[in-house]
>>> print(open('my_file_32.txt').read())   # compact mmCIF, C-alpha atoms
# COMPACT_ATOMS: atom_id res chain seq x y z
CA MET O 1014 -21.43 204.99 238.59
CA ASN O 1015 -20.46 207.80 240.99
CA ARG O 1016 -16.93 209.16 241.36
CA ARG O 1017 -16.10 206.94 244.33
CA ASN O 1018 -17.03 203.78 242.42
CA VAL O 1019 -14.96 204.90 239.44
CA LEU O 1020 -11.93 205.44 241.69
CA GLN O 1021 -12.45 202.07 243.38
CA GLY O 1022 -12.70 200.48 239.96
CA ILE O 1023 -9.42 202.03 238.88
CA GLY O 1024 -7.76 200.99 242.14
CA ALA O 1025 -8.92 197.38 241.68
CA ALA O 1026 -7.69 197.34 238.08
CA MET O 1027 -4.30 198.63 239.15
CA MET O 1028 -4.01 196.00 241.86
CA LEU O 1029 -5.02 193.31 239.43
CA SER O 1030 -2.41 194.43 236.93
CA ALA O 1031 0.26 194.62 239.65
CA THR O 1032 -0.60 191.08 240.76
CA SER O 1033 -0.62 189.59 237.29
CA GLY O 1034 2.62 191.44 236.57
CA LEU O 1035 4.16 189.71 239.55
CA THR O 1036 2.96 186.23 238.63
CA ALA O 1037 3.97 186.75 235.02
CA GLN O 1038 7.55 187.33 236.13
CA GLY O 1039 9.50 184.15 235.88
CA ALA O 1040 12.96 183.07 234.84
CA GLY O 1041 15.48 185.77 234.20
CA ASP O 1042 14.31 188.46 236.61
CA ASP O 1043 14.71 188.93 240.35
CA THR O 1044 11.88 186.62 241.40
CA GLY O 1045 12.45 183.24 239.70
CA VAL O 1046 14.84 180.40 240.53
CA VAL O 1047 18.33 180.96 239.13
CA TYR O 1048 21.35 178.72 238.71
CA GLU O 1049 24.89 179.88 239.12
CA LEU O 1050 27.70 178.07 237.31
CA ARG O 1051 31.08 178.80 238.90
CA ILE O 1052 34.43 177.71 237.50
CA TYR O 1053 37.44 178.15 239.77
CA HIS O 1054 40.89 178.15 238.20
CA THR O 1055 43.35 177.38 240.98
CA PHE O 1056 46.96 178.33 241.44
CA GLU O 1057 49.52 175.59 240.76
CA GLY O 1058 49.18 172.81 243.35
CA LYS O 1059 46.19 174.40 245.08
CA LEU O 1060 43.33 172.23 243.80
CA GLU O 1061 43.62 169.68 246.63
CA PRO O 1062 43.45 172.28 249.44
CA LEU O 1063 40.53 173.92 247.61
CA LEU O 1064 38.63 170.61 247.38
CA LYS O 1065 39.37 169.97 251.07
CA ARG O 1066 37.95 173.39 251.97
CA PHE O 1067 34.78 172.68 250.01
CA ARG O 1068 34.45 169.11 251.29
CA GLU O 1069 34.89 169.92 254.96
CA GLN O 1070 33.14 173.26 255.36
CA GLU O 1071 32.40 175.52 252.43
CA THR O 1072 29.51 173.54 250.92
CA LYS O 1073 27.87 173.38 254.35
CA ILE O 1074 28.13 177.16 254.72
CA PHE O 1075 26.46 177.54 251.31
CA GLU O 1076 23.55 175.34 252.41
CA ARG O 1077 23.22 177.16 255.73
CA LEU O 1078 22.89 180.46 253.84
CA GLY O 1079 20.25 179.14 251.41
CA MET O 1080 22.54 178.35 248.47
CA HIS O 1081 21.82 174.82 247.27
CA GLY O 1082 24.70 172.86 245.75
CA VAL O 1083 23.48 171.09 242.59
CA GLY O 1084 26.80 169.43 241.77
CA TYR O 1085 30.57 169.78 242.16
CA TRP O 1086 32.89 168.44 239.46
CA THR O 1087 36.52 168.34 238.40
CA PRO O 1088 37.42 168.27 234.68
CA ASP O 1089 39.01 165.07 233.30
CA ASP O 1090 41.19 166.53 230.54
CA GLU O 1091 44.00 168.98 229.98
CA PRO O 1092 44.29 171.93 230.21
CA LEU O 1093 41.72 172.15 233.06
CA LYS O 1094 42.51 168.81 234.75
CA GLY O 1095 44.11 169.08 238.19
CA ARG O 1096 43.63 172.84 238.42
CA THR O 1097 39.89 173.47 238.12
CA LEU O 1098 36.71 173.09 240.16
CA VAL O 1099 33.35 173.42 238.41
CA TYR O 1100 30.21 173.73 240.49
CA MET O 1101 26.64 174.85 240.32
CA LEU O 1102 24.42 176.47 242.90
CA ARG O 1103 20.66 176.95 242.82
CA HIS O 1104 19.19 180.09 244.37
CA LYS O 1105 15.54 180.97 245.05
CA SER O 1106 15.97 184.14 242.99
CA ARG O 1107 18.62 186.49 241.72
CA ALA O 1108 17.90 188.82 244.65
CA ALA O 1109 18.31 185.87 247.07
CA ALA O 1110 21.64 185.01 245.43
CA LYS O 1111 22.92 188.51 246.00
CA GLU O 1112 21.76 188.46 249.61
CA SER O 1113 23.24 184.99 250.29
CA TRP O 1114 26.64 185.95 248.84
CA ALA O 1115 26.66 189.15 250.91
CA LYS O 1116 25.97 187.10 254.05
CA PHE O 1117 28.55 184.51 253.01
CA SER O 1118 31.39 187.00 252.67
CA LYS O 1119 30.73 188.27 256.20
CA ASP O 1120 30.02 184.85 257.75
CA PRO O 1121 32.41 184.27 260.71
CA GLU O 1122 32.94 180.58 259.83
CA TRP O 1123 33.82 181.51 256.25
CA VAL O 1124 36.11 184.40 257.24
CA LYS O 1125 38.05 182.07 259.56
CA LEU O 1126 38.10 179.20 257.04
CA LYS O 1127 39.32 181.43 254.23
CA ALA O 1128 42.09 182.93 256.35
CA GLU O 1129 43.26 179.48 257.54
CA SER O 1130 43.10 177.87 254.10
CA GLU O 1131 45.05 180.73 252.53
CA ALA O 1132 47.78 180.96 255.16
CA ASN O 1133 50.25 179.82 252.48
CA GLY O 1134 48.76 181.88 249.66
CA ALA O 1135 45.48 182.26 247.81
CA LEU O 1136 44.01 179.08 246.27
CA VAL O 1137 41.94 180.50 243.43
CA GLU O 1138 43.58 182.51 240.67
CA LYS O 1139 40.45 183.32 238.66
CA HIS O 1140 36.78 182.47 238.77
CA ASP O 1141 34.12 182.57 236.07
CA ILE O 1142 30.53 183.16 237.16
CA THR O 1143 27.49 182.60 234.94
CA PHE O 1144 23.91 183.11 236.16
CA MET O 1145 21.39 181.10 234.18
CA THR O 1146 17.78 179.95 234.07
CA LEU O 1147 16.43 176.57 232.96
CA THR O 1148 15.08 176.40 229.40
CA ASP O 1149 11.42 175.45 228.95
CA PHE O 1150 12.44 171.99 227.68
CA SER O 1151 14.93 171.17 230.45
CA PRO O 1152 14.48 168.45 233.06
CA LYS O 1153 14.28 169.83 236.61
CA VAL O 1154 17.52 169.80 238.57
CA MET B 678 30.64 160.91 234.02
CA TYR B 679 29.39 164.30 232.95
CA GLU B 680 29.86 166.58 229.99
CA LEU B 681 29.38 170.33 230.23
CA ARG B 682 28.67 171.88 226.84
CA VAL B 683 28.51 175.59 226.07
CA TYR B 684 27.15 176.57 222.65
CA HIS B 685 27.90 180.05 221.37
CA ALA B 686 25.20 180.74 218.79
CA ASN B 687 25.67 182.84 215.70
CA GLU B 688 23.96 186.26 215.80
CA GLY B 689 20.16 185.86 215.92
CA LYS B 690 20.31 182.05 215.95
CA LEU B 691 19.67 181.19 219.60
CA ASP B 692 15.89 180.79 219.21
CA ALA B 693 16.36 178.44 216.25
CA LEU B 694 18.93 176.48 218.24
CA LEU B 695 16.57 176.20 221.24
CA ALA B 696 13.76 175.06 218.92
CA ARG B 697 16.02 172.36 217.48
CA PHE B 698 16.87 171.09 220.97
CA ARG B 699 13.25 171.31 222.17
CA ASP B 700 11.80 169.57 219.11
CA HIS B 701 14.53 167.05 218.22
CA THR B 702 17.99 167.04 219.79
CA VAL B 703 16.93 166.14 223.33
CA GLU B 704 14.96 163.13 222.07
CA ILE B 705 17.82 161.97 219.85
CA PHE B 706 20.23 162.20 222.83
CA LYS B 707 17.84 160.03 224.85
CA ARG B 708 17.68 157.46 222.08
CA HIS B 709 21.47 157.11 222.18
CA GLY B 710 21.87 156.74 225.95
CA MET B 711 22.90 160.36 226.59
CA LYS B 712 21.06 161.48 229.69
CA SER B 713 20.14 165.15 229.88
CA VAL B 714 20.87 166.61 233.31
CA ALA B 715 19.59 170.10 232.40
CA TYR B 716 19.62 172.90 229.84
CA TRP B 717 20.08 176.57 230.66
CA THR B 718 20.44 180.00 229.08
CA PRO B 719 22.58 182.71 230.72
CA THR B 720 20.77 185.76 232.11
CA ASP B 721 23.52 188.37 231.76
CA GLU B 722 25.63 190.01 229.08
CA PRO B 723 27.78 189.12 227.24
CA LEU B 724 26.36 185.55 227.02
CA LYS B 725 22.66 186.43 227.25
CA GLY B 726 20.64 185.80 224.09
CA ARG B 727 23.46 183.98 222.33
CA THR B 728 24.37 180.98 224.50
CA LEU B 729 23.01 177.56 225.44
CA ILE B 730 24.60 175.67 228.34
CA TYR B 731 23.78 172.05 229.12
CA ILE B 732 25.07 169.00 230.96
CA LEU B 733 24.85 165.40 229.77
CA GLU B 734 25.51 162.27 231.78
CA HIS B 735 27.24 159.33 230.04
CA PRO B 736 27.82 155.84 231.50
CA SER B 737 31.57 156.18 230.77
CA ARG B 738 34.01 158.11 228.62
CA ALA B 739 34.09 155.29 226.07
CA ALA B 740 30.29 155.31 225.98
CA ALA B 741 30.35 159.09 225.42
CA THR B 742 32.55 158.68 222.36
CA ALA B 743 30.36 155.87 220.99
CA ASN B 744 27.16 157.82 221.81
CA TRP B 745 28.32 160.95 220.00
CA LYS B 746 29.23 158.89 216.95
CA ALA B 747 25.81 157.21 216.95
CA PHE B 748 24.21 160.64 217.39
CA HIS B 749 26.02 162.15 214.40
CA ASP B 750 25.09 159.13 212.26
CA ASP B 751 21.45 159.19 213.37
CA SER B 752 19.22 159.69 210.32
CA GLU B 753 16.85 162.06 212.18
CA TRP B 754 19.81 164.19 213.29
CA VAL B 755 21.27 164.34 209.78
CA LYS B 756 17.91 165.48 208.43
CA VAL B 757 17.16 167.95 211.26
CA SER B 758 20.59 169.55 211.33
CA THR B 759 20.61 170.06 207.56
CA ALA B 760 17.08 171.50 207.57
CA SER B 761 17.84 173.85 210.50
CA GLU B 762 20.91 175.29 208.80
CA VAL B 763 19.55 176.10 205.34
CA ASN B 764 19.94 179.79 206.25
CA GLY B 765 23.35 179.36 207.87
CA LYS B 766 24.93 177.57 210.80
CA LEU B 767 23.32 178.05 214.21
CA VAL B 768 26.39 177.45 216.38
CA GLU B 769 29.61 179.38 216.05
CA LYS B 770 31.62 177.54 218.71
CA VAL B 771 31.14 174.65 221.14
CA ASP B 772 33.08 174.25 224.39
CA SER B 773 32.96 170.71 225.76
CA THR B 774 34.33 169.76 229.19
CA TYR B 775 34.26 166.19 230.44
CA MET B 776 34.15 166.06 234.21
CA THR B 777 33.66 163.77 237.20
CA LEU B 778 31.64 164.43 240.36
CA THR B 779 33.80 165.19 243.39
CA ASP B 780 33.56 162.89 246.42
CA PHE B 781 31.64 165.59 248.32
CA SER B 782 29.12 166.43 245.59
CA PRO B 783 25.43 165.63 245.92
CA ALA B 784 24.32 162.88 243.53
CA ILE B 785 22.57 164.21 240.43
>>> encode(input="my_file_32.txt", output="structure tokens")
Amino acid sequence: MNRRNVLQGIGAAMMLSATSGLTAQGAGDDTGVVYELRIYHTFEGKLEPLLKRFREQETKIFERLGMHGVGYWTPDDEPLKGRTLVYMLRHKSRAAAKESWAKFSKDPEWVKLKAESEANGALVEKHDITFMTLTDFSPKV
Amino acid sequence: MYELRVYHANEGKLDALLARFRDHTVEIFKRHGMKSVAYWTPTDEPLKGRTLIYILEHPSRAAATANWKAFHDDSEWVKVSTASEVNGKLVEKVDSTYMTLTDFSPAI
């Protein structure tokens, strides 16, 4: 084997390892599907306007920007009842999530909606965000 | 209705907890009418490597109460939970939140 063939061999091996490295990446890094659980704790009396904002526009903005709503719930029991929204989004990857949220915060429809809905004060006091991946034994969702 | 459960595992016990769900718990849930929506593990600190999050669907709140009782009395569960905890408990704390889909939510 001459020097050129050796170098080509090394190049091919490196490409192969880069490719298999990419396909081996799955849940938990920047390339696999991720889920985002968000829990919004609202200010007193602000759950209804928050739900209205989601119902009428916010969920549609999420979908337009590639964030898929898996489900939206409200807790049934105290102390969360009547003051909490729980929802889950699915993103193509962690990198896509970051990009979608960056676009969302600058989206003209969202900027207008947020300003209008908070004319009488902010709706959400605190939010908890948890990024997660499906376990190997989970049903698909 | 839905139940969101967050299990905070004791140090070093998440893999054993996941194995118990994978090999037994999920099947026992199914047997008692508790439908698994999905199971996840968080990807970031401080929950990473020590937390299991899952959602169950129950026909009603009354059914949820009855299902959990049947689950705890299930002979397979009694055997499996005892066997899995011979070296100590797997779960330090469980947060359970019963919740209802909003009128604008996709169906699950």
>>> interface_residues(input="my_file_32.txt", of="chain O", to="chain B", cutoff="7 Å", atoms="only C-alpha atoms", output="number ranges by chain")
O: 1041, 1068, 1083-1090, 1143-1148, 1150-1154
>>> residues_around(input="my_file_32.txt", residues="segment 1101-1113 of chain O", least_positions_apart="3", cutoff="7 Å", atoms="all atoms listed in the file", output="short mmCIF file (atom, residue, chain, number, x, y, z; two decimals) with C-alpha atoms, in the frame of the given file")
data_model
loop_
_atom_site.label_atom_id
_atom_site.label_comp_id
_atom_site.auth_asym_id
_atom_site.auth_seq_id
_atom_site.Cartn_x
_atom_site.Cartn_y
_atom_site.Cartn_z
CA ASP O 1042 14.31 188.46 236.61
CA ASP O 1043 14.71 188.93 240.35
CA THR O 1044 11.88 186.62 241.40
CA GLY O 1045 12.45 183.24 239.70
CA VAL O 1046 14.84 180.40 240.53
CA VAL O 1047 18.33 180.96 239.13
CA TYR O 1048 21.35 178.72 238.71
CA GLU O 1049 24.89 179.88 239.12
CA LEU O 1050 27.70 178.07 237.31
CA ARG O 1051 31.08 178.80 238.90
CA LEU O 1078 22.89 180.46 253.84
CA GLY O 1079 20.25 179.14 251.41
CA MET O 1080 22.54 178.35 248.47
CA HIS O 1081 21.82 174.82 247.27
CA GLY O 1082 24.70 172.86 245.75
CA VAL O 1083 23.48 171.09 242.59
CA GLY O 1084 26.80 169.43 241.77
CA TYR O 1085 30.57 169.78 242.16
CA LYS O 1116 25.97 187.10 254.05
CA PHE O 1117 28.55 184.51 253.01
#
>>> atom_distance(input="my_file_32.txt", atom1="atom CA of Lys1139 of chain O", atom2="atom CA of His735 of chain B")
28.7 Å
>>> residues_around(input="my_file_32.txt", residues="Leu767 of chain B", least_positions_apart="3", cutoff="7 Å", atoms="all atoms listed in the file", output="ChimeraX atom specification")
/B:686-687,690,694,762
>>> closest_residue(input="my_file_32.txt", among="B:Glu753, B:Asp772, B:Arg682, B:Ala747", to="Gly710 of chain B", atoms="only C-alpha atoms")
B:Ala747
>>> residues_around(input="my_file_32.txt", residues="Ala1135 of chain O", least_positions_apart="2", cutoff="10 Å", atoms="all atoms listed in the file", output="MDAnalysis selection string")
chainID O and resid 1055:1056 1059 1063 1127:1128 1130:1133 1137:1138
>>> atom_distance(input="my_file_32.txt", atom1="atom CA of Lys770 of chain B", atom2="atom CA of Gly726 of chain B")
14.8 Å
>>> atom_distance(input="my_file_32.txt", atom1="atom CA of Arg727 of chain B", atom2="atom CA of Ser773 of chain B")
16.7 Å
>>> closest_residue(input="my_file_32.txt", among="B:Ile732, B:Ile705, B:Val768, B:Pro723", to="Phe748 of chain B", atoms="only C-alpha atoms")
B:Ile705
>>> build_atoms(input="my_file_32.txt", residues="segment 1072-1093 of chain O", atoms="N, CA and C atoms", output="mmCIF file, in the coordinates of the input")
data_model
loop_
_atom_site.group_PDB
_atom_site.id
_atom_site.type_symbol
_atom_site.label_atom_id
_atom_site.label_comp_id
_atom_site.auth_asym_id
_atom_site.auth_seq_id
_atom_site.Cartn_x
_atom_site.Cartn_y
_atom_site.Cartn_z
ATOM 1 N N THR O 1072 30.825 173.913 251.459
ATOM 2 C CA THR O 1072 29.510 173.540 250.920
ATOM 3 C C THR O 1072 28.427 173.621 252.007
ATOM 4 N N LYS O 1073 28.838 173.322 253.240
ATOM 5 C CA LYS O 1073 27.870 173.380 254.350
ATOM 6 C C LYS O 1073 27.487 174.834 254.659
ATOM 7 N N ILE O 1074 28.450 175.735 254.506
ATOM 8 C CA ILE O 1074 28.130 177.160 254.720
ATOM 9 C C ILE O 1074 27.155 177.629 253.639
ATOM 10 N N PHE O 1075 27.393 177.189 252.387
ATOM 11 C CA PHE O 1075 26.460 177.540 251.310
ATOM 12 C C PHE O 1075 25.034 177.128 251.686
ATOM 13 N N GLU O 1076 24.889 175.864 252.107
ATOM 14 C CA GLU O 1076 23.550 175.340 252.410
ATOM 15 C C GLU O 1076 22.919 176.127 253.569
ATOM 16 N N ARG O 1077 23.738 176.418 254.572
ATOM 17 C CA ARG O 1077 23.220 177.160 255.730
ATOM 18 C C ARG O 1077 22.699 178.529 255.319
ATOM 19 N N LEU O 1078 23.292 179.120 254.280
ATOM 20 C CA LEU O 1078 22.890 180.460 253.840
ATOM 21 C C LEU O 1078 21.908 180.423 252.672
ATOM 22 N N GLY O 1079 21.321 179.240 252.424
ATOM 23 C CA GLY O 1079 20.250 179.140 251.410
ATOM 24 C C GLY O 1079 20.729 178.958 249.987
ATOM 25 N N MET O 1080 22.025 178.608 249.820
ATOM 26 C CA MET O 1080 22.540 178.350 248.470
ATOM 27 C C MET O 1080 22.658 176.836 248.317
ATOM 28 N N HIS O 1081 21.862 176.274 247.403
ATOM 29 C CA HIS O 1081 21.820 174.820 247.270
ATOM 30 C C HIS O 1081 22.831 174.326 246.235
ATOM 31 N N GLY O 1082 23.722 173.436 246.668
ATOM 32 C CA GLY O 1082 24.700 172.860 245.750
ATOM 33 C C GLY O 1082 24.040 171.823 244.855
ATOM 34 N N VAL O 1083 24.045 172.052 243.548
ATOM 35 C CA VAL O 1083 23.480 171.090 242.590
ATOM 36 C C VAL O 1083 24.503 170.002 242.301
ATOM 37 N N GLY O 1084 25.736 170.387 242.029
ATOM 38 C CA GLY O 1084 26.800 169.430 241.770
ATOM 39 C C GLY O 1084 28.161 170.106 241.799
ATOM 40 N N TYR O 1085 29.183 169.304 242.125
ATOM 41 C CA TYR O 1085 30.570 169.780 242.160
ATOM 42 C C TYR O 1085 31.393 168.802 241.332
ATOM 43 N N TRP O 1086 32.144 169.312 240.370
ATOM 44 C CA TRP O 1086 32.890 168.440 239.460
ATOM 45 C C TRP O 1086 34.336 168.910 239.305
ATOM 46 N N THR O 1087 35.188 167.965 238.852
ATOM 47 C CA THR O 1087 36.520 168.340 238.400
ATOM 48 C C THR O 1087 36.689 167.824 236.961
ATOM 49 N N PRO O 1088 37.232 168.663 236.081
ATOM 50 C CA PRO O 1088 37.420 168.270 234.680
ATOM 51 C C PRO O 1088 38.420 167.115 234.546
ATOM 52 N N ASP O 1089 38.205 166.284 233.518
ATOM 53 C CA ASP O 1089 39.010 165.070 233.300
ATOM 54 C C ASP O 1089 40.200 165.298 232.367
ATOM 55 N N ASP O 1090 40.181 166.369 231.606
ATOM 56 C CA ASP O 1090 41.190 166.530 230.540
ATOM 57 C C ASP O 1090 41.994 167.812 230.687
ATOM 58 N N GLU O 1091 43.190 167.767 230.111
ATOM 59 C CA GLU O 1091 44.000 168.980 229.980
ATOM 60 C C GLU O 1091 43.262 169.964 229.076
ATOM 61 N N PRO O 1092 43.399 171.274 229.253
ATOM 62 C CA PRO O 1092 44.290 171.930 230.210
ATOM 63 C C PRO O 1092 43.669 172.192 231.578
ATOM 64 N N LEU O 1093 42.392 171.809 231.789
ATOM 65 C CA LEU O 1093 41.720 172.150 233.060
ATOM 66 C C LEU O 1093 41.977 171.131 234.167
#
